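Novice: Here it is, the structure in full.
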Amino acid sequence: MRAVMGWSAEKRRKAAIGFLLAAVAVVVAIAGLPLWLAHRHYSDALEDIDRRLARYERLAASRPALQKKLEAVRAVGSRKYFLKASGSSLAAAEIQERVRQHVEGNGGRLISVQVAQPKEEGRFRQVTVTVQANANIYATRKILHAIEANEPYVFVDSLMVRAQVPPGFKPAPGFEPEMFIQLDISGFAVAG
């Protein structure tokens with residue numbers, strides 16, 4: 001304090017003005033910083049709303065074209081791509097019968113068929129059947145093609161093929177050994 005009292009009047013006036021300016025700057029910073037942060041927050045929020053509004057306007061503008069496409073899909077008769085039965089047991093029986101026809105019709109031997117628990121997926125019910133059969137490589141190819149190429153659509157979700165001959169086995173010319181194949185086949189039915 002004595003050191004300050006020993007200053008000249010001009011120097012004390014400049015120090016007082018400096019303290020006053022520093023105090024004003026602190027008050028402005030205390031009052032202005034929250035205002036600046038609020039402005040930045042609301043500015044970002046408004047930009048986000050503008051982007052969403054532009055996206056929603058684009059979607060609304062594309063609605064007539066999407067409705068035309070939807071009507072075209074309905075006109076095709078998309079119901080034929082689903083299993084006929086809506087109940088899970090009947091849909092599983094439908095898949096079993098189709099797979100049995102494809103396996104036996106293409107030179108395979110059906111071993112067993114097991115039905116898995118159906119899954120509800122919105123308006124649709126996914127029915128899965130596990131099939132075990134024996135067939136050679138050519139029959140397996142024909143079976144897979146027949147399963148996935150017909151309507152209603154069914155899908156091979158997983159395939160396991162195991163050779164039933166020992167390692168190093170050399171088949172006779174023109175003879176293809178049978179393999180064990182296991183397929184998880186699923187189809188979709190319209191629920192209810």
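How things are named: the first chain in the structure tokens is A, the next is B, and so on; residues count from 1 in each chain; ligands count from 1 in the order shown.
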Quick check for you: according to DSSP on this backbone, which residues of region 83-145 of chain A are classed as strand (DSSP E)? Reply as a list in words.
Specialist: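 The strand (DSSP E) residues within region 83-145 of chain A come out as Arg109, Leu110, Ile111, Ser112, Val113, Gln114, Val115, Lys119, Glu120, Glu121, Phe124, Arg125, Gln126, Val127, Thr128, Val129, Thr130, Val131, Gln132, Ala133, Asn134 and Ala135 of chain A.
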Novice: Those selected residues, please, written with C-alpha atoms and delivered as a tab-separated table (two decimals), in the first residue's frame.
Specialist:
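Final output, saved to selection19.tsv:
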chain	number	residue	atom	x	y	z
A	109	ARG	CA	-32.68	-89.10	-50.04
A	110	LEU	CA	-34.47	-87.29	-47.24
A	111	ILE	CA	-33.32	-88.31	-43.76
A	112	SER	CA	-35.20	-86.01	-41.40
A	113	VAL	CA	-37.07	-82.72	-41.16
A	114	GLN	CA	-37.30	-80.63	-38.00
A	115	VAL	CA	-39.30	-77.46	-37.44
A	119	LYS	CA	-40.11	-65.73	-35.33
A	120	GLU	CA	-42.51	-62.81	-35.48
A	121	GLU	CA	-41.16	-59.93	-37.56
A	124	PHE	CA	-44.67	-61.36	-41.07
A	125	ARG	CA	-43.85	-64.69	-39.48
A	126	GLN	CA	-40.55	-66.39	-40.35
A	127	VAL	CA	-40.85	-70.17	-40.32
A	128	THR	CA	-37.63	-72.20	-40.34
A	129	VAL	CA	-37.22	-75.90	-41.11
A	130	THR	CA	-34.02	-77.94	-40.72
A	131	VAL	CA	-33.65	-80.64	-43.37
A	132	GLN	CA	-31.13	-83.48	-43.40
A	133	ALA	CA	-30.60	-85.47	-46.59
A	134	ASN	CA	-28.09	-87.52	-48.56
A	135	ALA	CA	-27.26	-86.55	-52.12
Novice: Write out as a count of residues only the set of residues from region 111-167 of chain A that DSSP, computed on the backbone, places in alpha helix (DSSP H).
Specialist: 13
Novice: Choose the residue, out of A:Ala60, A:Leu35, A:Ile185, A:Ala75, that has the smallest atom-to-atom separation from Pro118 (chain A); count only C-alpha atoms.
Specialist: A:Ile185
Novice: Work out how far CA of His102 (chain A) is from CA of Ala149 (chain A), in Å to one decimal.
Specialist: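 For CA of Ala149 (chain A) relative to CA of His102 (chain A), the distance reads 11.1 Å.
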Novice: Rounded to one decimal place, report the CA of Ala93 (chain A)-CA of Leu183 (chain A) distance in Å.
Specialist: 15.8 Å
Novice: Skip Ala85 (chain A) itself and residues of its chain fewer than 3 positions away, then list as a PyMOL selection string all residues within 7 Å of it, counting only C-alpha atoms.
Specialist: chain A and resi 90-91+189
Novice: To one decimal place in Å, what is the distance between CA of Lys84 (chain A) and CA of Leu66 (chain A)?
Specialist: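 Spanning CA of Lys84 (chain A) to CA of Leu66 (chain A) is a straight-line distance of 27.4 Å.
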Novice: Which residues, written as a ChimeraX atom specification, have at least one atom at most 6 Å from Asn136 (chain A), with only C-alpha atoms counted and residues fewer than 6 positions away on the same chain left out?
Specialist: /A:176-179
Novice: What does the file look like for those residues with C-alpha atoms, as an mmCIF file, in the first residue's frame?
Specialist:
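Saved result, out-v8.cif, follows:
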data_model
loop_
_atom_site.group_PDB
_atom_site.id
_atom_site.type_symbol
_atom_site.label_atom_id
_atom_site.label_comp_id
_atom_site.auth_asym_id
_atom_site.auth_seq_id
_atom_site.Cartn_x
_atom_site.Cartn_y
_atom_site.Cartn_z
ATOM 1 C CA GLU A 176 -20.187 -89.582 -57.338
ATOM 2 C CA PRO A 177 -20.364 -90.535 -53.668
ATOM 3 C CA GLU A 178 -23.228 -89.275 -51.575
ATOM 4 C CA MET A 179 -22.705 -86.529 -49.041
#
